[in-house]
Amino acid sequence: MANEKKLVEAITSMEDDFAQWYTDVVKKAELMGYSSVKGCMIFKPAGYAIWENIQKELDRRFKETGVENVYMPMFIPESLLEREKDHVEGFAPEVAWVTMGGLNKLQERLCVRPTSETLFCDFYKDEIQSYRDLPKIYNQWCSVVRWEKETRPFLRSREFLWQEGHTAHATAEEAEERTQQMLNVYADFCEEVLAIPVVRGRKTDKEKFAGAEATYTIEALMHDGKALQSGTSHNFGDGFAKAFGIQYTDRDNKLKYVHQTSWGMTTRLIGAVIMVHGDNSGLVLPPMIAPVQVEVVPIMQKKEGVLEKSYEIRSMLSNFRVKVDDSDKSPGWKRSEQEMRGIPLRVEIGPKDIEANQAIIARRDTGEKITVSIDELTETVAQLLETMQKEMLERARTHRDAHTSVALNYEEFKTAVEEKPGFIKAMWCGNQECEDKIKEETTATSRCMPFHQEQLSDVCVCCGKPAKTMVYWGKAY
């Protein structure tokens, strides 16, 4: 009991200090470790396994839409990076440079990729000659480096893992269709797999990706009321094509520029899962991405037949990701550890249970315990995992909706920022001056102009002039 209490006390209450709670959970659940390179982290097996499950499910969904995987170099020559002016200016403060090769100074600096638009463009200019070569629907899984000033595990680190899709199309219409298609893939993935509800919309010009014509985003709300940009999809139009000379001969035998898109999701999704579903006992993982979905805990495991029955149950549940905790730790410690790691279901089996041909199942999300006949165990586990996945999404959606407020004037807006953590829906005139003023005076930023628009009023929440669009605002990670 003392050891069990000690494990839980290692986590700061989220109500007392949410940032410290987050760090405690990441460390105590053994998701990551700190490296000797400041701002870079080590993925431990438990953390990387979550990313592997995210990657596997996303990759499957990508390929269903015709995506093919490739891999580009991690180094970008400075001259190549500077081809697109807006793009290089947007990333300049975060770029890491290589200036030496062995003992020799390089003739040209090499950028460690912060993103790979320029590499794909350089590749496409030689790869695409005719309309028959289009479209190109490529994606790569890799790491990128951005020299962030402030870092936080998973949410913001100097090197992080992600995928970046880069496509080329014959027409503007095809590019726009692909841009929105991939945003919807992301949104469906977040809701169906991560159990995280999102708002789909378009970024303002101030917040859009450097060099893009339009950036679309999915925005999620964390438990503390801060927003997290969880995936973006960009329509580049033909701007990059003109900068890099990516032309093709069309059916009418005329040279034309391609239209491009780019879209990406990163390991910050792991941070989102922690902050949306976690509690004061640790992680709560949605079953679809949990590295271990069911943990079997033997009670009085030294008694004859208990371990054997536990292994038998593991075999029965082989369609799920299941493990037996047959360590010599106490049952209480095992329970606390299972909760800390967010394993969705715990199955307990002891001598009396074996005698009664039953097992005890405990849900991680609600703490509910039920007694089940071993004969019905497989079916019950399947039903519970499915129920958990759905109910975790609904609880997150209820929390998001309860923490979304409406502001009709600037006083209401400022009050909402200070007293009602969460999304704020408010009308906007479309002028960046108002967007800048809101950020400067309240630290809230525009999250997106949602596709589903509401006419809350006729005037801008900031300046009172005629409004053009409704915007989701909020403080963000």
# chains A, B, ... in the order shown; residues from 1 in each chain; ligands from 1

call {"tool": "select_by_dssp", "arguments": {"residues": "region 400-477 of chain A", "states": "strand (DSSP E)", "output": "PyMOL selection string"}}
result
chain A and resi 404-406+423-428+445-450+469-474

call {"tool": "closest_atom_pairs", "arguments": {"of": "region 10-70 of chain A", "to": "region 118-135 of chain A", "cutoff": "12 Å", "atoms": "only C-alpha atoms", "output": "CSV"}}
result
residue,atom,partner,partner_atom,distance
A:Gly66,CA,A:Pro135,CA,10.1
A:Val67,CA,A:Pro135,CA,10.4
A:Glu68,CA,A:Pro135,CA,11.4
A:Val70,CA,A:Phe120,CA,10.2

call {"tool": "residues_around", "arguments": {"residues": "region 145-155 of chain A", "least_positions_apart": "2", "cutoff": "6 Å", "atoms": "only C-alpha atoms", "output": "list in words"}}
result
Gly39, Glu94, Val95, Pro114, Ser157, Arg158, Glu159, Thr267, Arg268 and Gly271 of chain A

call {"tool": "write_last_selection", "arguments": {"atoms": "N, CA and C atoms", "output": "mmCIF file, in the first residue's frame"}}
result
data_model
loop_
_atom_site.group_PDB
_atom_site.id
_atom_site.type_symbol
_atom_site.label_atom_id
_atom_site.label_comp_id
_atom_site.auth_asym_id
_atom_site.auth_seq_id
_atom_site.Cartn_x
_atom_site.Cartn_y
_atom_site.Cartn_z
ATOM 1 N N GLY A 39 16.904 20.370 -25.534
ATOM 2 C CA GLY A 39 15.744 20.533 -26.397
ATOM 3 C C GLY A 39 15.407 19.313 -27.220
ATOM 4 N N GLU A 94 14.497 29.429 -37.054
ATOM 5 C CA GLU A 94 14.532 28.094 -36.459
ATOM 6 C C GLU A 94 15.509 27.144 -37.149
ATOM 7 N N VAL A 95 16.228 27.624 -38.145
ATOM 8 C CA VAL A 95 17.055 26.725 -38.947
ATOM 9 C C VAL A 95 18.381 26.404 -38.251
ATOM 10 N N PRO A 114 14.033 21.729 -41.811
ATOM 11 C CA PRO A 114 12.935 22.066 -40.908
ATOM 12 C C PRO A 114 11.619 21.594 -41.502
ATOM 13 N N SER A 157 9.833 20.189 -29.547
ATOM 14 C CA SER A 157 11.230 19.824 -29.322
ATOM 15 C C SER A 157 12.042 20.209 -30.553
ATOM 16 N N ARG A 158 13.343 20.270 -30.404
ATOM 17 C CA ARG A 158 14.181 20.754 -31.509
ATOM 18 C C ARG A 158 14.285 19.742 -32.640
ATOM 19 N N GLU A 159 14.188 18.482 -32.306
ATOM 20 C CA GLU A 159 14.035 17.451 -33.344
ATOM 21 C C GLU A 159 12.769 16.687 -33.018
ATOM 22 N N THR A 267 4.626 14.121 -33.763
ATOM 23 C CA THR A 267 4.564 13.440 -32.474
ATOM 24 C C THR A 267 3.921 14.296 -31.389
ATOM 25 N N ARG A 268 3.550 15.528 -31.698
ATOM 26 C CA ARG A 268 2.797 16.310 -30.712
ATOM 27 C C ARG A 268 1.428 15.688 -30.455
ATOM 28 N N GLY A 271 1.379 14.162 -27.151
ATOM 29 C CA GLY A 271 1.089 15.150 -26.121
ATOM 30 C C GLY A 271 -0.394 15.458 -26.037
#

call {"tool": "residues_around", "arguments": {"residues": "region 407-422 of chain A", "least_positions_apart": "5", "cutoff": "12 Å", "atoms": "only C-alpha atoms", "output": "VMD selection string"}}
result
chain A and resid 219 to 228 399 to 402 427 to 428 434 437 to 445 447 455 to 465 467 470 to 476

call {"tool": "residues_around", "arguments": {"residues": "Gly201 (chain A)", "least_positions_apart": "5", "cutoff": "7 Å", "atoms": "only C-alpha atoms", "output": "NGL selection string"}}
result
:A and (216-218 or 448-451)

call {"tool": "write_last_selection", "arguments": {"atoms": "N, CA and C atoms", "output": "PDB file, in the first residue's frame"}}
result
ATOM      1  N   TYR A 216      -5.171  24.962 -44.043  1.00  0.00           N
ATOM      2  CA  TYR A 216      -6.314  24.412 -43.314  1.00  0.00           C
ATOM      3  C   TYR A 216      -5.803  23.661 -42.091  1.00  0.00           C
ATOM      4  N   THR A 217      -6.582  23.668 -41.027  1.00  0.00           N
ATOM      5  CA  THR A 217      -6.110  23.119 -39.761  1.00  0.00           C
ATOM      6  C   THR A 217      -7.203  22.364 -39.028  1.00  0.00           C
ATOM      7  N   ILE A 218      -6.784  21.458 -38.161  1.00  0.00           N
ATOM      8  CA  ILE A 218      -7.698  20.882 -37.176  1.00  0.00           C
ATOM      9  C   ILE A 218      -7.189  21.319 -35.812  1.00  0.00           C
ATOM     10  N   CYS A 448      -8.741  29.198 -35.925  1.00  0.00           N
ATOM     11  CA  CYS A 448      -9.164  28.928 -37.307  1.00  0.00           C
ATOM     12  C   CYS A 448     -10.489  29.614 -37.589  1.00  0.00           C
ATOM     13  N   MET A 449     -10.745  29.758 -38.885  1.00  0.00           N
ATOM     14  CA  MET A 449     -12.063  30.180 -39.363  1.00  0.00           C
ATOM     15  C   MET A 449     -12.786  28.885 -39.729  1.00  0.00           C
ATOM     16  N   PRO A 450     -13.694  28.415 -38.886  1.00  0.00           N
ATOM     17  CA  PRO A 450     -14.266  27.084 -39.089  1.00  0.00           C
ATOM     18  C   PRO A 450     -15.067  26.981 -40.381  1.00  0.00           C
ATOM     19  N   PHE A 451     -15.054  25.791 -40.969  1.00  0.00           N
ATOM     20  CA  PHE A 451     -15.861  25.561 -42.167  1.00  0.00           C
ATOM     21  C   PHE A 451     -17.343  25.746 -41.849  1.00  0.00           C
TER      22      PHE A 451
END

call {"tool": "residues_around", "arguments": {"residues": "region 18-30 of chain A", "least_positions_apart": "4", "cutoff": "6 Å", "atoms": "only C-alpha atoms", "output": "list in words"}}
result
Ile11, Thr12, Ser13, Met14, Gly282, Met340 and Arg341 of chain A

call {"tool": "residues_around", "arguments": {"residues": "Lys208 (chain A)", "least_positions_apart": "3", "cutoff": "12 Å", "atoms": "only C-alpha atoms", "output": "number ranges by chain"}}
result
A: 86-87, 90, 201-205, 211-217, 229, 232-236, 446-449

call {"tool": "write_last_selection", "arguments": {"atoms": "N, CA and C atoms", "output": "mmCIF file, in the first residue's frame"}}
result
data_model
loop_
_atom_site.group_PDB
_atom_site.id
_atom_site.type_symbol
_atom_site.label_atom_id
_atom_site.label_comp_id
_atom_site.auth_asym_id
_atom_site.auth_seq_id
_atom_site.Cartn_x
_atom_site.Cartn_y
_atom_site.Cartn_z
ATOM 1 N N ASP A 86 9.212 33.846 -49.250
ATOM 2 C CA ASP A 86 8.355 33.810 -48.062
ATOM 3 C C ASP A 86 8.658 32.588 -47.212
ATOM 4 N N HIS A 87 8.939 31.484 -47.864
ATOM 5 C CA HIS A 87 9.197 30.229 -47.169
ATOM 6 C C HIS A 87 10.453 30.333 -46.306
ATOM 7 N N GLY A 90 10.048 32.573 -43.288
ATOM 8 C CA GLY A 90 9.227 31.980 -42.244
ATOM 9 C C GLY A 90 9.992 31.020 -41.354
ATOM 10 N N GLY A 201 -11.030 23.927 -40.004
ATOM 11 C CA GLY A 201 -11.187 25.262 -40.548
ATOM 12 C C GLY A 201 -9.955 25.744 -41.278
ATOM 13 N N ARG A 202 -9.974 27.013 -41.613
ATOM 14 C CA ARG A 202 -8.883 27.641 -42.361
ATOM 15 C C ARG A 202 -8.160 28.642 -41.470
ATOM 16 N N LYS A 203 -6.848 28.690 -41.580
ATOM 17 C CA LYS A 203 -6.048 29.663 -40.847
ATOM 18 C C LYS A 203 -6.193 31.051 -41.485
ATOM 19 N N THR A 204 -6.044 32.065 -40.664
ATOM 20 C CA THR A 204 -5.992 33.425 -41.211
ATOM 21 C C THR A 204 -4.680 33.588 -41.980
ATOM 22 N N ASP A 205 -4.600 34.638 -42.785
ATOM 23 C CA ASP A 205 -3.370 34.877 -43.553
ATOM 24 C C ASP A 205 -2.170 35.056 -42.625
ATOM 25 N N GLY A 211 4.598 30.736 -47.397
ATOM 26 C CA GLY A 211 4.638 30.370 -48.811
ATOM 27 C C GLY A 211 3.356 29.759 -49.328
ATOM 28 N N ALA A 212 2.383 29.518 -48.449
ATOM 29 C CA ALA A 212 1.133 28.875 -48.868
ATOM 30 C C ALA A 212 0.094 29.907 -49.304
ATOM 31 N N GLU A 213 -0.796 29.484 -50.194
ATOM 32 C CA GLU A 213 -1.952 30.307 -50.537
ATOM 33 C C GLU A 213 -3.016 30.180 -49.461
ATOM 34 N N ALA A 214 -3.175 28.960 -48.938
ATOM 35 C CA ALA A 214 -4.164 28.713 -47.894
ATOM 36 C C ALA A 214 -3.687 27.574 -47.009
ATOM 37 N N THR A 215 -3.928 27.710 -45.704
ATOM 38 C CA THR A 215 -3.619 26.650 -44.748
ATOM 39 C C THR A 215 -4.897 26.244 -44.037
ATOM 40 N N TYR A 216 -5.171 24.962 -44.043
ATOM 41 C CA TYR A 216 -6.314 24.412 -43.314
ATOM 42 C C TYR A 216 -5.803 23.661 -42.091
ATOM 43 N N THR A 217 -6.582 23.668 -41.027
ATOM 44 C CA THR A 217 -6.110 23.119 -39.761
ATOM 45 C C THR A 217 -7.203 22.364 -39.028
ATOM 46 N N GLN A 229 -2.881 22.957 -32.147
ATOM 47 C CA GLN A 229 -2.959 22.689 -33.584
ATOM 48 C C GLN A 229 -2.501 21.254 -33.809
ATOM 49 N N THR A 232 -2.140 20.050 -40.093
ATOM 50 C CA THR A 232 -2.376 21.111 -41.070
ATOM 51 C C THR A 232 -2.227 20.584 -42.494
ATOM 52 N N SER A 233 -2.944 21.237 -43.399
ATOM 53 C CA SER A 233 -2.870 20.897 -44.811
ATOM 54 C C SER A 233 -2.815 22.204 -45.595
ATOM 55 N N HIS A 234 -1.828 22.329 -46.487
ATOM 56 C CA HIS A 234 -1.552 23.599 -47.154
ATOM 57 C C HIS A 234 -1.748 23.489 -48.672
ATOM 58 N N ASN A 235 -2.405 24.495 -49.231
ATOM 59 C CA ASN A 235 -2.496 24.633 -50.686
ATOM 60 C C ASN A 235 -1.466 25.671 -51.107
ATOM 61 N N PHE A 236 -0.469 25.239 -51.894
ATOM 62 C CA PHE A 236 0.607 26.135 -52.307
ATOM 63 C C PHE A 236 0.311 26.861 -53.621
ATOM 64 N N SER A 446 -5.918 33.640 -33.099
ATOM 65 C CA SER A 446 -6.929 33.022 -33.961
ATOM 66 C C SER A 446 -6.520 31.580 -34.191
ATOM 67 N N ARG A 447 -7.405 30.651 -33.903
ATOM 68 C CA ARG A 447 -7.111 29.237 -34.125
ATOM 69 C C ARG A 447 -7.531 28.828 -35.525
ATOM 70 N N CYS A 448 -8.741 29.198 -35.925
ATOM 71 C CA CYS A 448 -9.164 28.928 -37.307
ATOM 72 C C CYS A 448 -10.489 29.614 -37.589
ATOM 73 N N MET A 449 -10.745 29.758 -38.885
ATOM 74 C CA MET A 449 -12.063 30.180 -39.363
ATOM 75 C C MET A 449 -12.786 28.885 -39.729
#

call {"tool": "closest_residue", "arguments": {"among": "A:Ala168, A:Leu110, A:Ala396, A:Ile54", "to": "Phe189 (chain A)", "atoms": "only C-alpha atoms"}}
result
A:Ile54

call {"tool": "closest_residue", "arguments": {"among": "A:Glu379, A:Glu108, A:Glu207, A:Glu304", "to": "Glu435 (chain A)", "atoms": "only C-alpha atoms"}}
result
A:Glu207

call {"tool": "atom_distance", "arguments": {"atom1": "CA of Glu433 (chain A)", "atom2": "CA of Trp263 (chain A)"}}
result
28.3 Å

call {"tool": "select_by_dssp", "arguments": {"residues": "region 95-295 of chain A", "states": "alpha helix (DSSP H)", "output": "PDB file with C-alpha atoms, in the first residue's frame"}}
result
ATOM      1  CA  GLU A 117       9.153  21.656 -49.593  1.00  0.00           C
ATOM      2  CA  THR A 118      12.312  22.798 -51.332  1.00  0.00           C
ATOM      3  CA  LEU A 119      13.687  19.258 -51.647  1.00  0.00           C
ATOM      4  CA  PHE A 120      10.474  17.969 -53.169  1.00  0.00           C
ATOM      5  CA  CYS A 121      10.319  20.934 -55.532  1.00  0.00           C
ATOM      6  CA  ASP A 122      13.885  20.343 -56.693  1.00  0.00           C
ATOM      7  CA  PHE A 123      12.993  16.707 -57.281  1.00  0.00           C
ATOM      8  CA  TYR A 124       9.695  17.420 -59.048  1.00  0.00           C
ATOM      9  CA  LYS A 125      11.233  19.870 -61.538  1.00  0.00           C
ATOM     10  CA  ASP A 126      13.116  16.956 -63.140  1.00  0.00           C
ATOM     11  CA  GLU A 127      10.565  14.229 -62.450  1.00  0.00           C
ATOM     12  CA  ALA A 172      -5.751  24.352 -59.019  1.00  0.00           C
ATOM     13  CA  GLU A 173      -9.003  22.452 -58.470  1.00  0.00           C
ATOM     14  CA  GLU A 174      -7.195  19.129 -58.008  1.00  0.00           C
ATOM     15  CA  ALA A 175      -4.752  20.690 -55.541  1.00  0.00           C
ATOM     16  CA  GLU A 176      -7.552  22.228 -53.495  1.00  0.00           C
ATOM     17  CA  GLU A 177      -9.430  18.927 -53.460  1.00  0.00           C
ATOM     18  CA  ARG A 178      -6.344  17.074 -52.192  1.00  0.00           C
ATOM     19  CA  THR A 179      -5.645  19.765 -49.566  1.00  0.00           C
ATOM     20  CA  GLN A 180      -9.087  19.399 -48.046  1.00  0.00           C
ATOM     21  CA  GLN A 181      -9.139  15.630 -48.495  1.00  0.00           C
ATOM     22  CA  MET A 182      -6.031  15.222 -46.342  1.00  0.00           C
ATOM     23  CA  LEU A 183      -7.375  17.572 -43.683  1.00  0.00           C
ATOM     24  CA  ASN A 184     -10.437  15.347 -43.447  1.00  0.00           C
ATOM     25  CA  VAL A 185      -8.211  12.265 -43.190  1.00  0.00           C
ATOM     26  CA  TYR A 186      -6.505  13.926 -40.232  1.00  0.00           C
ATOM     27  CA  ALA A 187      -9.760  14.958 -38.590  1.00  0.00           C
ATOM     28  CA  ASP A 188     -11.308  11.504 -38.944  1.00  0.00           C
ATOM     29  CA  PHE A 189      -8.131   9.915 -37.596  1.00  0.00           C
ATOM     30  CA  CYS A 190      -8.085  12.144 -34.517  1.00  0.00           C
ATOM     31  CA  GLU A 191     -11.704  11.450 -33.710  1.00  0.00           C
ATOM     32  CA  GLU A 192     -11.879   7.765 -34.623  1.00  0.00           C
ATOM     33  CA  GLY A 239       3.984  29.738 -56.150  1.00  0.00           C
ATOM     34  CA  PHE A 240       6.619  27.099 -55.410  1.00  0.00           C
ATOM     35  CA  ALA A 241       6.339  25.760 -58.971  1.00  0.00           C
ATOM     36  CA  LYS A 242       7.222  29.171 -60.385  1.00  0.00           C
ATOM     37  CA  ALA A 243      10.109  29.617 -57.935  1.00  0.00           C
ATOM     38  CA  PHE A 244      11.563  26.209 -58.835  1.00  0.00           C
ATOM     39  CA  ARG A 268       2.797  16.310 -30.712  1.00  0.00           C
ATOM     40  CA  LEU A 269      -0.250  14.085 -31.125  1.00  0.00           C
ATOM     41  CA  ILE A 270       1.123  12.010 -28.253  1.00  0.00           C
ATOM     42  CA  GLY A 271       1.089  15.150 -26.121  1.00  0.00           C
ATOM     43  CA  ALA A 272      -2.492  15.789 -27.217  1.00  0.00           C
ATOM     44  CA  VAL A 273      -3.576  12.301 -26.117  1.00  0.00           C
ATOM     45  CA  ILE A 274      -1.965  12.850 -22.716  1.00  0.00           C
ATOM     46  CA  MET A 275      -3.583  16.270 -22.177  1.00  0.00           C
ATOM     47  CA  VAL A 276      -7.051  15.362 -23.446  1.00  0.00           C
ATOM     48  CA  HIS A 277      -7.518  11.995 -21.712  1.00  0.00           C
TER      49      HIS A 277
END

call {"tool": "closest_residue", "arguments": {"among": "A:Leu161, A:Met100, A:Ile50, A:Ile42", "to": "Gln140 (chain A)", "atoms": "only C-alpha atoms"}}
result
A:Leu161

call {"tool": "atom_distance", "arguments": {"atom1": "CA of Lys369 (chain A)", "atom2": "CA of Pro344 (chain A)"}}
result
12.3 Å

call {"tool": "closest_residue", "arguments": {"among": "A:Gln301, A:Thr469, A:Val292, A:His452", "to": "Asn431 (chain A)", "atoms": "only C-alpha atoms"}}
result
A:Thr469

call {"tool": "closest_atom_pairs", "arguments": {"of": "region 372-420 of chain A", "to": "region 318-328 of chain A", "cutoff": "12 Å", "atoms": "only C-alpha atoms", "output": "CSV"}}
result
residue,atom,partner,partner_atom,distance
A:Leu377,CA,A:Ser318,CA,11.9
A:Thr378,CA,A:Asn319,CA,8.9
A:Glu379,CA,A:Asn319,CA,11.0
A:Val381,CA,A:Phe320,CA,9.0
A:Ala382,CA,A:Phe320,CA,8.4
A:Leu385,CA,A:Phe320,CA,9.8
A:Glu386,CA,A:Phe320,CA,12.0

call {"tool": "closest_residue", "arguments": {"among": "A:Ile343, A:Val112, A:Val144, A:Ala195", "to": "Gln163 (chain A)", "atoms": "only C-alpha atoms"}}
result
A:Val144
